[in-house]
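Okay, input.cif now, which holds mmCIF, C-alpha atoms and all ligand atoms:
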data_upload
loop_
_atom_site.label_atom_id
_atom_site.label_comp_id
_atom_site.auth_asym_id
_atom_site.auth_seq_id
_atom_site.Cartn_x
_atom_site.Cartn_y
_atom_site.Cartn_z
CA HIS A 21 1.99 -259.94 76.21
CA ASN A 22 2.94 -263.13 74.41
CA ASP A 23 2.16 -265.41 77.33
CA PHE A 24 -1.46 -264.28 77.33
CA ASP A 25 -3.39 -266.88 75.34
CA VAL A 26 -6.47 -265.08 74.03
CA ALA A 27 -7.41 -267.94 71.70
CA ALA A 28 -7.60 -270.34 74.65
CA LEU A 29 -9.74 -267.85 76.57
CA ARG A 30 -12.06 -267.28 73.62
CA ALA A 31 -12.56 -271.02 73.33
CA GLN A 32 -14.23 -270.91 76.76
CA PHE A 33 -16.99 -268.58 75.47
CA PRO A 34 -19.39 -270.50 73.24
CA ILE A 35 -21.45 -267.45 72.24
CA LEU A 36 -18.48 -265.79 70.54
CA HIS A 37 -18.24 -268.51 67.92
CA GLN A 38 -21.15 -267.58 65.73
CA GLN A 39 -21.95 -265.64 62.62
CA VAL A 40 -24.06 -262.51 62.82
CA ASN A 41 -25.42 -261.17 59.56
CA GLY A 42 -23.12 -263.47 57.66
CA GLN A 43 -19.90 -262.46 59.43
CA ALA A 44 -17.99 -263.76 62.44
CA LEU A 45 -19.37 -261.96 65.50
CA VAL A 46 -17.20 -259.17 66.92
CA TYR A 47 -18.62 -258.47 70.37
CA LEU A 48 -17.57 -255.01 71.56
CA ASP A 49 -20.43 -254.22 73.93
CA ASN A 50 -18.78 -255.52 77.07
CA ALA A 51 -19.44 -252.44 79.18
CA ALA A 52 -23.15 -253.19 78.78
CA THR A 53 -22.69 -256.85 79.64
CA THR A 54 -19.94 -259.38 79.15
CA GLN A 55 -20.37 -262.84 77.72
CA LYS A 56 -20.20 -265.89 80.00
CA PRO A 57 -17.63 -268.68 79.94
CA GLN A 58 -18.79 -272.30 79.73
CA SER A 59 -17.82 -272.76 83.40
CA VAL A 60 -20.39 -270.16 84.46
CA ILE A 61 -23.08 -271.64 82.23
CA ASP A 62 -22.29 -275.11 83.63
CA ALA A 63 -22.30 -273.93 87.25
CA ILE A 64 -25.80 -272.49 86.84
CA ALA A 65 -27.09 -275.57 85.02
CA ASP A 66 -25.48 -277.94 87.55
CA TYR A 67 -26.99 -276.03 90.43
CA TYR A 68 -30.49 -276.40 88.99
CA ARG A 69 -29.82 -279.97 87.89
CA CYS A 70 -28.47 -281.21 91.23
CA ASP A 71 -28.86 -278.94 94.23
CA ASN A 72 -31.76 -276.52 93.78
CA ALA A 73 -33.70 -275.76 96.97
CA ASN A 74 -34.39 -272.70 99.08
CA VAL A 75 -31.51 -271.51 101.23
CA HIS A 76 -31.09 -271.04 104.98
CA ARG A 77 -34.24 -273.04 105.66
CA GLY A 78 -32.47 -276.29 106.48
CA ALA A 79 -34.29 -279.48 107.28
CA HIS A 80 -33.24 -281.39 104.19
CA THR A 81 -30.18 -282.29 102.19
CA LEU A 82 -30.82 -280.25 99.06
CA SER A 83 -31.49 -277.15 101.12
CA ASP A 84 -28.21 -277.69 102.95
CA ARG A 85 -26.40 -278.08 99.65
CA ALA A 86 -28.03 -275.01 98.10
CA THR A 87 -27.10 -273.00 101.20
CA ALA A 88 -23.52 -274.26 101.05
CA ASP A 89 -23.26 -273.38 97.33
CA PHE A 90 -24.76 -269.95 97.94
CA GLU A 91 -22.48 -269.11 100.86
CA ALA A 92 -19.43 -270.54 99.08
CA ALA A 93 -20.16 -268.13 96.21
CA ARG A 94 -20.37 -265.26 98.69
CA ASN A 95 -16.99 -266.24 100.12
CA LYS A 96 -15.48 -266.23 96.62
CA VAL A 97 -16.65 -262.65 96.06
CA VAL A 98 -15.40 -261.69 99.54
CA ALA A 99 -11.97 -263.05 98.60
CA LEU A 100 -12.00 -261.39 95.16
CA ILE A 101 -12.34 -257.90 96.62
CA ASN A 102 -10.54 -258.70 99.88
CA ALA A 103 -13.43 -257.74 102.16
CA ALA A 104 -12.63 -258.31 105.83
CA SER A 105 -15.50 -260.78 106.32
CA ASN A 106 -18.57 -262.27 104.66
CA ARG A 107 -20.70 -260.05 106.90
CA GLU A 108 -19.62 -257.18 104.67
CA LEU A 109 -20.84 -258.66 101.38
CA ILE A 110 -24.52 -258.23 100.61
CA TRP A 111 -26.09 -259.82 97.56
CA THR A 112 -28.10 -257.45 95.41
CA ARG A 113 -29.59 -257.56 91.92
CA GLY A 114 -26.64 -255.50 90.73
CA THR A 115 -24.96 -252.13 91.04
CA THR A 116 -28.24 -250.24 90.76
CA GLU A 117 -29.84 -252.00 93.69
CA ALA A 118 -26.64 -251.75 95.75
CA ILE A 119 -26.56 -247.95 95.32
CA ASN A 120 -30.27 -247.63 96.10
CA LEU A 121 -29.68 -249.65 99.26
CA VAL A 122 -26.99 -247.23 100.44
CA ALA A 123 -29.10 -244.22 99.46
CA GLN A 124 -32.13 -245.44 101.40
CA SER A 125 -30.44 -247.10 104.38
CA TYR A 126 -27.31 -245.04 104.88
CA ALA A 127 -27.96 -241.61 103.40
CA LYS A 128 -31.65 -241.04 104.11
CA PRO A 129 -31.45 -241.46 107.89
CA ILE A 130 -28.51 -239.08 108.28
CA LEU A 131 -29.14 -236.33 105.72
CA LYS A 132 -30.22 -232.97 107.09
CA PRO A 133 -31.47 -230.00 105.08
CA GLY A 134 -28.52 -228.36 103.32
CA ASP A 135 -26.34 -231.50 103.46
CA ARG A 136 -24.64 -232.58 100.27
CA ILE A 137 -23.93 -235.71 98.33
CA VAL A 138 -21.09 -235.20 95.89
CA VAL A 139 -21.11 -237.23 92.69
CA SER A 140 -19.28 -236.57 89.43
CA ALA A 141 -20.61 -235.15 86.19
CA MET A 142 -19.66 -238.37 84.40
CA GLU A 143 -21.72 -240.76 86.56
CA HIS A 144 -24.09 -243.40 85.26
CA HIS A 145 -27.72 -242.57 86.07
CA ALA A 146 -27.60 -245.38 88.65
CA ASN A 147 -25.16 -243.25 90.63
CA ILE A 148 -27.17 -240.04 90.29
CA VAL A 149 -30.88 -240.75 90.51
CA PRO A 150 -30.93 -242.73 93.80
CA TRP A 151 -29.16 -239.78 95.45
CA GLN A 152 -31.56 -237.28 93.91
CA MET A 153 -34.47 -239.28 95.28
CA VAL A 154 -33.23 -239.20 98.88
CA ALA A 155 -31.93 -235.64 98.58
CA ALA A 156 -35.40 -234.49 97.55
CA GLU A 157 -36.89 -236.13 100.63
CA CYS A 158 -34.25 -234.71 102.97
CA GLN A 159 -33.87 -231.24 101.40
CA ALA A 160 -30.27 -232.11 100.70
CA ASP A 161 -28.38 -231.43 97.47
CA VAL A 162 -26.63 -233.59 94.91
CA VAL A 163 -23.57 -231.71 93.69
CA PRO A 164 -21.53 -232.85 90.69
CA VAL A 165 -17.75 -232.60 90.51
CA PRO A 166 -16.93 -230.94 87.18
CA VAL A 167 -15.26 -232.96 84.45
CA THR A 168 -12.59 -231.49 82.17
CA ASN A 169 -12.86 -231.51 78.38
CA ASP A 170 -10.51 -234.49 78.38
CA GLY A 171 -13.07 -236.37 80.44
CA GLU A 172 -11.16 -236.30 83.71
CA LEU A 173 -12.40 -235.31 87.13
CA ASP A 174 -11.37 -231.78 88.04
CA MET A 175 -9.63 -232.74 91.27
CA SER A 176 -8.97 -229.21 92.48
CA ALA A 177 -12.67 -228.41 92.02
CA PHE A 178 -13.39 -231.61 93.96
CA GLU A 179 -11.17 -230.51 96.84
CA GLY A 180 -12.88 -227.13 96.79
CA LEU A 181 -16.27 -228.80 97.19
CA LEU A 182 -15.31 -230.75 100.28
CA ASP A 183 -16.70 -229.11 103.38
CA GLU A 184 -18.74 -230.12 106.42
CA ARG A 185 -21.96 -230.21 104.38
CA VAL A 186 -20.70 -233.18 102.35
CA LYS A 187 -21.87 -236.41 103.98
CA LEU A 188 -21.18 -238.77 101.12
CA VAL A 189 -19.07 -238.87 97.97
CA ALA A 190 -20.26 -241.30 95.29
CA VAL A 191 -18.08 -241.75 92.20
CA GLY A 192 -17.45 -244.36 89.57
CA HIS A 193 -14.24 -246.36 89.55
CA VAL A 194 -14.30 -246.35 85.73
CA SER A 195 -16.72 -244.37 83.56
CA ASN A 196 -18.86 -246.56 81.31
CA ALA A 197 -19.42 -243.62 78.95
CA LEU A 198 -15.86 -242.30 78.58
CA GLY A 199 -13.63 -245.09 79.87
CA THR A 200 -12.00 -242.69 82.34
CA VAL A 201 -10.35 -244.38 85.31
CA ASN A 202 -10.88 -242.09 88.26
CA PRO A 203 -8.24 -241.57 90.97
CA ILE A 204 -10.37 -243.26 93.59
CA GLU A 205 -7.51 -243.64 96.10
CA ASP A 206 -7.13 -239.85 96.22
CA ILE A 207 -10.90 -239.32 96.24
CA ILE A 208 -11.32 -241.68 99.19
CA ARG A 209 -8.45 -240.14 101.17
CA LEU A 210 -9.56 -236.55 100.57
CA SER A 211 -13.20 -237.34 101.33
CA HIS A 212 -12.33 -239.05 104.58
CA SER A 213 -10.18 -236.17 105.74
CA ALA A 214 -13.19 -233.94 105.13
CA GLY A 215 -15.39 -236.29 107.18
CA ALA A 216 -17.38 -237.75 104.27
CA LYS A 217 -18.03 -241.41 103.55
CA VAL A 218 -17.34 -242.77 100.08
CA LEU A 219 -19.25 -245.10 97.78
CA ILE A 220 -17.45 -246.38 94.71
CA ASP A 221 -19.58 -247.48 91.75
CA GLY A 222 -17.41 -250.39 90.69
CA ALA A 223 -19.62 -251.71 87.87
CA GLN A 224 -16.79 -251.04 85.40
CA GLY A 225 -13.97 -251.48 87.93
CA VAL A 226 -14.09 -255.11 89.09
CA PRO A 227 -14.22 -256.45 85.51
CA HIS A 228 -10.89 -254.83 84.65
CA PHE A 229 -8.84 -254.44 87.83
CA GLU A 230 -7.92 -256.24 90.99
CA VAL A 231 -9.89 -254.45 93.67
CA ASP A 232 -8.88 -254.52 97.33
CA VAL A 233 -11.56 -252.76 99.36
CA GLN A 234 -9.46 -252.81 102.53
CA ALA A 235 -6.46 -251.20 100.82
CA LEU A 236 -8.78 -248.66 99.17
CA ASP A 237 -10.47 -248.00 102.51
CA CYS A 238 -13.75 -247.15 100.69
CA ASP A 239 -16.89 -247.32 102.80
CA PHE A 240 -19.04 -248.93 100.10
CA TYR A 241 -18.22 -250.57 96.77
CA ALA A 242 -21.02 -251.65 94.40
CA PHE A 243 -20.79 -253.94 91.38
CA SER A 244 -22.75 -256.19 89.00
CA GLY A 245 -22.13 -259.85 88.20
CA HIS A 246 -23.11 -259.59 84.55
CA LYS A 247 -20.33 -257.15 83.69
CA MET A 248 -17.68 -259.49 85.13
CA TYR A 249 -18.49 -262.69 83.20
CA GLY A 250 -21.29 -263.73 85.57
CA PRO A 251 -25.07 -263.83 85.09
CA THR A 252 -27.57 -260.97 85.16
CA GLY A 253 -29.74 -260.32 88.20
CA ILE A 254 -26.95 -260.73 90.76
CA GLY A 255 -24.42 -258.29 92.11
CA ALA A 256 -23.08 -257.13 95.40
CA LEU A 257 -22.65 -254.32 97.83
CA TYR A 258 -19.53 -254.27 99.93
CA GLY A 259 -19.85 -252.12 103.03
CA LYS A 260 -17.72 -251.65 106.12
CA GLU A 261 -19.21 -253.76 108.87
CA ALA A 262 -19.45 -250.92 111.38
CA LEU A 263 -21.53 -248.88 108.93
CA LEU A 264 -23.75 -251.76 107.80
CA GLU A 265 -24.33 -252.65 111.45
CA ARG A 266 -25.77 -249.17 112.12
CA MET A 267 -27.93 -249.06 108.99
CA PRO A 268 -31.60 -250.06 109.08
CA PRO A 269 -32.80 -252.81 106.72
CA TYR A 270 -33.60 -251.82 103.14
CA HIS A 271 -36.39 -254.28 102.31
CA GLY A 272 -38.58 -256.11 104.78
CA GLY A 273 -39.65 -259.73 104.50
CA GLY A 274 -38.47 -263.26 105.10
CA GLU A 275 -34.81 -264.07 105.69
CA MET A 276 -33.93 -260.59 107.02
CA ILE A 277 -35.59 -261.08 110.42
CA LYS A 278 -34.73 -262.85 113.63
CA THR A 279 -38.17 -262.78 115.22
CA VAL A 280 -41.44 -261.29 114.04
CA SER A 281 -44.34 -260.38 116.27
CA PHE A 282 -46.95 -257.68 116.26
CA ASP A 283 -45.27 -256.21 119.33
CA GLY A 284 -42.07 -255.71 117.40
CA THR A 285 -39.70 -257.44 115.03
CA THR A 286 -35.99 -258.02 115.44
CA TYR A 287 -33.63 -258.15 112.51
CA ASN A 288 -31.24 -260.80 111.40
CA GLU A 289 -27.49 -260.31 111.59
CA LEU A 290 -25.28 -259.22 108.70
CA PRO A 291 -25.37 -259.79 105.83
CA PHE A 292 -28.86 -261.34 105.97
CA LYS A 293 -30.40 -258.18 107.45
CA PHE A 294 -30.23 -256.72 103.93
CA GLU A 295 -31.32 -259.81 102.01
CA ALA A 296 -35.09 -260.00 102.30
CA GLY A 297 -36.85 -262.76 100.40
CA THR A 298 -35.58 -265.71 98.43
CA PRO A 299 -32.35 -264.58 96.80
CA ASN A 300 -31.03 -265.27 93.31
CA ILE A 301 -29.32 -268.48 94.38
CA GLY A 302 -28.51 -269.76 90.90
CA GLY A 303 -27.20 -266.32 89.98
CA ALA A 304 -24.93 -266.22 93.02
CA VAL A 305 -23.60 -269.68 92.14
CA GLY A 306 -22.94 -268.44 88.59
CA LEU A 307 -21.19 -265.35 89.90
CA GLY A 308 -19.04 -267.58 92.10
CA ALA A 309 -17.97 -269.45 88.97
CA ALA A 310 -17.23 -266.13 87.26
CA VAL A 311 -14.95 -265.24 90.17
CA ASP A 312 -13.18 -268.59 89.70
CA PHE A 313 -12.79 -267.71 86.01
CA LEU A 314 -11.27 -264.32 86.87
CA GLN A 315 -9.00 -265.89 89.48
CA SER A 316 -7.80 -268.42 86.89
CA ILE A 317 -6.44 -265.58 84.75
CA ASP A 318 -3.22 -263.68 85.34
CA ARG A 319 -5.00 -260.42 86.16
CA ARG A 320 -1.99 -258.27 85.40
CA ALA A 321 -1.56 -259.86 81.98
CA MET A 322 -5.29 -259.41 81.44
CA ALA A 323 -5.09 -255.70 82.23
CA ASP A 324 -2.08 -255.39 79.89
CA HIS A 325 -3.97 -257.17 77.14
CA GLU A 326 -7.00 -254.91 77.54
CA ALA A 327 -4.78 -251.82 77.66
CA GLY A 328 -3.12 -253.02 74.46
CA LEU A 329 -6.50 -253.27 72.74
CA MET A 330 -7.34 -249.75 73.87
CA ARG A 331 -4.00 -248.32 72.72
CA TYR A 332 -4.40 -250.02 69.36
CA ALA A 333 -7.93 -248.62 68.98
CA HIS A 334 -6.68 -245.14 69.85
CA SER A 335 -3.88 -245.35 67.30
CA LYS A 336 -6.29 -246.57 64.60
CA ALA A 337 -8.68 -243.77 65.56
CA GLU A 338 -6.01 -241.21 64.72
CA SER A 339 -5.95 -242.28 61.10
CA CYS A 340 -9.72 -242.67 60.84
CA GLU A 341 -10.89 -239.50 59.15
CA GLY A 342 -13.77 -237.70 60.82
CA LEU A 343 -13.58 -239.75 64.02
CA ARG A 344 -13.96 -237.68 67.15
CA ARG A 345 -13.09 -239.32 70.44
CA ILE A 346 -15.35 -238.40 73.35
CA GLY A 347 -13.18 -238.44 76.45
CA CYS A 348 -9.39 -238.58 76.21
CA ALA A 349 -8.38 -239.18 79.81
CA LYS A 350 -4.82 -240.29 80.53
CA GLN A 351 -6.05 -243.36 82.39
CA VAL A 352 -8.74 -245.29 80.53
CA ALA A 353 -10.15 -248.79 80.67
CA GLY A 354 -12.83 -250.76 78.89
CA ALA A 355 -14.75 -248.18 76.92
CA PHE A 356 -13.81 -246.23 73.79
CA SER A 357 -16.45 -243.63 72.93
CA PHE A 358 -16.55 -241.78 69.62
CA LEU A 359 -18.55 -240.09 66.89
CA LEU A 360 -18.10 -239.99 63.14
CA GLU A 361 -18.48 -236.41 61.97
CA GLY A 362 -21.60 -235.83 59.95
CA THR A 363 -23.26 -239.08 61.03
CA HIS A 364 -25.58 -240.18 63.80
CA PRO A 365 -24.21 -242.81 66.21
CA ALA A 366 -27.35 -244.94 65.81
CA ASP A 367 -26.71 -245.22 62.05
CA VAL A 368 -23.09 -246.14 62.70
CA GLY A 369 -24.18 -248.82 65.15
CA MET A 370 -26.69 -250.26 62.68
CA LEU A 371 -24.16 -250.38 59.85
CA LEU A 372 -21.62 -252.07 62.12
CA ASP A 373 -24.24 -254.61 63.20
CA GLN A 374 -24.87 -255.45 59.56
CA GLN A 375 -21.18 -256.45 59.46
CA GLY A 376 -21.46 -258.58 62.59
CA ILE A 377 -19.90 -255.97 64.88
CA ALA A 378 -21.73 -255.23 68.14
CA VAL A 379 -21.19 -251.81 69.72
CA ARG A 380 -23.49 -249.72 71.84
CA THR A 381 -24.83 -246.38 70.72
CA GLY A 382 -26.74 -243.80 72.71
CA ASP A 383 -26.25 -241.81 75.88
CA HIS A 384 -24.93 -244.79 77.92
CA CYS A 385 -27.20 -243.80 80.83
CA ALA A 386 -24.96 -240.78 81.34
CA GLN A 387 -26.96 -237.87 79.95
CA PRO A 388 -25.22 -235.13 81.98
CA ILE A 389 -21.79 -235.88 80.50
CA MET A 390 -23.22 -236.25 76.97
CA LYS A 391 -24.75 -232.81 77.42
CA GLN A 392 -21.41 -231.39 78.53
CA PHE A 393 -19.76 -232.72 75.37
CA GLY A 394 -22.65 -231.31 73.35
CA VAL A 395 -23.61 -234.67 71.84
CA PRO A 396 -26.84 -236.66 72.01
CA GLY A 397 -24.83 -239.83 72.41
CA THR A 398 -21.82 -241.69 71.12
CA ALA A 399 -20.88 -245.00 69.58
CA ARG A 400 -19.00 -247.04 72.14
CA ALA A 401 -16.74 -250.01 71.64
CA SER A 402 -15.92 -251.69 74.93
CA PHE A 403 -13.36 -254.41 75.47
CA ALA A 404 -13.18 -257.57 77.50
CA VAL A 405 -10.46 -260.11 78.09
CA TYR A 406 -11.45 -262.20 75.04
CA ASN A 407 -11.23 -259.42 72.45
CA THR A 408 -8.40 -259.42 69.92
CA MET A 409 -6.39 -256.98 67.82
CA ASP A 410 -8.06 -258.53 64.75
CA GLU A 411 -11.40 -257.47 66.15
CA VAL A 412 -10.15 -253.90 66.53
CA ASP A 413 -9.14 -254.09 62.84
CA ARG A 414 -12.64 -255.37 61.99
CA LEU A 415 -14.15 -252.42 63.89
CA PHE A 416 -12.16 -249.85 61.93
CA ALA A 417 -12.72 -251.59 58.61
CA GLY A 418 -16.40 -251.60 59.52
CA LEU A 419 -16.30 -247.87 60.24
CA GLU A 420 -14.69 -247.18 56.84
CA LYS A 421 -17.47 -249.13 55.17
CA ALA A 422 -20.11 -247.32 57.24
CA LYS A 423 -18.67 -244.01 56.07
CA THR A 424 -19.14 -245.00 52.42
CA PHE A 425 -22.86 -245.41 53.13
CA LEU A 426 -23.33 -242.37 55.33
CA LEU A 427 -21.09 -239.66 53.90
N1 LIG B 1 -22.71 -247.90 86.98
C1 LIG B 1 -21.98 -248.06 85.87
C2 LIG B 1 -20.69 -247.31 85.73
C3 LIG B 1 -22.42 -248.90 84.86
O1 LIG B 1 -21.70 -249.05 83.75
C4 LIG B 1 -23.65 -249.59 85.02
C5 LIG B 1 -24.19 -250.48 83.94
N2 LIG B 1 -24.15 -249.92 82.65
C6 LIG B 1 -24.36 -249.40 86.21
C7 LIG B 1 -23.86 -248.56 87.16
C8 LIG B 1 -25.65 -250.11 86.47
O2 LIG B 1 -25.43 -251.48 86.58
P1 LIG B 1 -26.65 -252.49 86.61
O3 LIG B 1 -27.55 -252.11 85.46
O4 LIG B 1 -26.01 -253.83 86.41
O5 LIG B 1 -27.31 -252.36 87.93
#
Show this structure as C-alpha cells.
Amino acid sequence: HNDFDVAALRAQFPILHQQVNGQALVYLDNAATTQKPQSVIDAIADYYRCDNANVHRGAHTLSDRATADFEAARNKVVALINAASNRELIWTRGTTEAINLVAQSYAKPILKPGDRIVVSAMEHHANIVPWQMVAAECQADVVPVPVTNDGELDMSAFEGLLDERVKLVAVGHVSNALGTVNPIEDIIRLSHSAGAKVLIDGAQGVPHFEVDVQALDCDFYAFSGHKMYGPTGIGALYGKEALLERMPPYHGGGEMIKTVSFDGTTYNELPFKFEAGTPNIGGAVGLGAAVDFLQSIDRRAMADHEAGLMRYAHSKAESCEGLRRIGCAKQVAGAFSFLLEGTHPADVGMLLDQQGIAVRTGDHCAQPIMKQFGVPGTARASFAVYNTMDEVDRLFAGLEKAKTFLL
C-alpha cells in the first residue's frame, strides 16, 4: 500500500527513535505491549496537569471535568467496537480482569456439576485459568478444542463438543502465541445454536482489526488498552446489557452501590455496578486517545500493511536455514513464532537484543499449545502498525548473525 505513510506514523512514537546496544531499536514485541503515540502520552499528562480529581463525586469543577473526560473515553471505546450503549462497556485493568469478571459473575452462579466451559488448546493462560478456578468450585469441566498441527482450531471437533453441557465458549480472536486468527463468526454462531454463550478474548484482536460486537453477536468481548497503543492498567469488558444486568457485582466497594445499609445494600446501574473503587481515570483518558489514534488511521490500509509485514517475514523465513515456524495457519495476524534448530529461543532473543532487536521468547503464557508442539517455548516477532519491511530485514540479518554464534 503506497498511500500508507509508515514514516509519518513512526514519527508519532518517540520511543522508537532510540539506539539500543548501539543500533537503531527494532521493536518487534508488540503482542506483549505496543508503544504509545505522543498523543496518548500527552493526553495522560494533560489530564494530570489540568483536570485530575476523583470521578462521579461531583461538587466541584475539576471533578466534573475528570468525570467528563473519563466518560468521554468510555464513549470512544463504545464507538470503536460498536457496542449498543455505554452501559455495555465496563472498565477493567485489562483482558485478564475482564475474563475473571465473567468467570466469577457470569459463569460461577450458573454452572452445575458436569457443565462445561469450552476453550481452545491455543488460549493464553488468562483465558484458561479463570475458568479452571470456577470450574473447580462448581464441579464443572474446562474442555479444550483441539488445535491442528498447522495451529488452527479443529472446527469439526469443536462442533462435536457442542452439547447441552456447554454453558460457555471462550476463545481468542487472535492467538498471541501462534498468530492464528480464529473463525470467531462461525464459533459464535455454532455456540449460540447449541445454547452456549460466547466470550471472545480480543487482546490480540482489537489492535489489528475493526471489531463490531453487534455484528459478531458475541456475548462478551475482552481486551487490553496497552496492546492497542494505550497505557497499561486499563482495558475493557464488553457484555450484552441483558446479561450484565442479570450478573451480580464482581467487586464490592464504593462507586458500585446505590445505597448501603446494614439491612441491605443496593447496587448501582450499569456499567458502574462492576466498577468498584476509584478507577484508573488517567489510564482511561489515555486509552481514549489511543482510540482516536486508531480512528485516525485507515484501518484497512493498516491491516494490509501488517499483513504485508507478515507475508514478507514468512517469505524470508523460507530461505532462513534451520528456521522452524510454530503455527502455519492460513489466517494469521500480529505474531510470528519460530525456533532456530539446535538453539534455545532465550539465546536467540538475547543475541537479537544485542543487535537492538526486541522479540519475546518463552511460552507466551500458552503452555498447553507449546506442549502440543513439543517445544518449551518459541521466539516471537510481533508486528504493529509502525513496523517496516526494513525492520523485517534487520530481524533476519540478526538471526543469521545469531546463528554464527550459536551453531
Ligand atoms: N489474552 C491474550 C491473547 C493475550 O495476548 C494477553 C496478553 N499477552 C492476555 C490475554 C492478557 O492480557 P493482559 O495481561 O493485558 O490482561
Q: Around the point (-20.0, -258.4, 103.3) in the file's coordinates, collect all residues with an atom within 12 Å, using all atoms listed in the file, and return them as a ChimeraX atom specification.
A: /A:91,94-112,233-234,239-242,256-265,289-295
Q) So, counting all atoms listed in the file, which residue among A:Ala177, A:Ile377, A:Ile254, A:Val311 is closest to A:Pro57? A)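 Closest to A:Pro57, using all atoms listed in the file: A:Val311.
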(Q) Let me see if you get this right: every residue at most 6 Å from ligand LIG 1 (chain B), counting only C-alpha atoms and all ligand atoms, written as a list in words. (A) Ala52, Gly114, Thr115, Thr116, His144, Ala146, Gly192, Ser195, Asn196, Asp221, Ala223, Gln224 and Ser244 of chain A
For stretch 232-324 of chain A versus stretch 25-44 of chain A, which residues have an atom no more than 10 Å away, and what is each residue's nearest atom pair and distance in Å rounded to one decimal, using all atoms listed in the file, chain-then-number order, as CSV?
residue,atom,partner,partner_atom,distance
A:Tyr249,CA,A:Phe33,CA,9.8
A:Phe313,CA,A:Gln32,CA,9.9
A:Ile317,CA,A:Leu29,CA,9.1
A:Ala321,CA,A:Asp25,CA,9.8
A:Met322,CA,A:Val26,CA,9.4
Q: Using all atoms listed in the file, pick whichever of A:Ala88, A:Val201, A:Ala127, A:Met390 has the shortest atom-to-atom distance to A:Glu157.
A: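 Distance minimum relative to A:Glu157 lands on A:Ala127.
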Q) Just how far from atom CA of A:Ala93 is atom CA of A:Ala353, in Å to one decimal? A) 26.8 Å
Q. Atom CA of A:Ala86 and atom CA of A:Val226, how far apart in Å?
A. 25.9 Å
Q: Kindly indicate which residue among A:Asp413, A:Asp312, A:Asp383, A:Asp84 lies nearest to A:Tyr332, using all atoms listed in the file for the distances.
A: A:Asp413
Q: Could you tell me how far atom CA of A:His364 lies from atom CA of A:Ala337, in Å and to one decimal?
A: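 Taking atom CA of A:His364 as the start and atom CA of A:Ala337 as the end point, the length is 17.4 Å.
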Q.
For A:Ser339, find every residue with an atom within 12 Å (counting all atoms listed in the file), except residues of its own chain fewer than 4 positions away, and show them as a ChimeraX atom specification.
A. /A:332-335,343-344,416-417,419-420
Any chance you could export the current selection's C-alpha atoms as a short mmCIF file (atom, residue, chain, number, x, y, z; two decimals), keeping the file's coordinate frame?
data_model
loop_
_atom_site.label_atom_id
_atom_site.label_comp_id
_atom_site.auth_asym_id
_atom_site.auth_seq_id
_atom_site.Cartn_x
_atom_site.Cartn_y
_atom_site.Cartn_z
CA TYR A 332 -4.40 -250.02 69.36
CA ALA A 333 -7.93 -248.62 68.98
CA HIS A 334 -6.68 -245.14 69.85
CA SER A 335 -3.88 -245.35 67.30
CA LEU A 343 -13.58 -239.75 64.02
CA ARG A 344 -13.96 -237.68 67.15
CA PHE A 416 -12.16 -249.85 61.93
CA ALA A 417 -12.72 -251.59 58.61
CA LEU A 419 -16.30 -247.87 60.24
CA GLU A 420 -14.69 -247.18 56.84
#
Q: Identify which of the residues A:Tyr126, A:Trp151, A:Tyr287, A:Phe425 lies closest to A:Gly273, counting only C-alpha atoms when measuring atom-to-atom distances.
A: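 Residue with the minimum atom-to-atom distance to A:Gly273: A:Tyr287.
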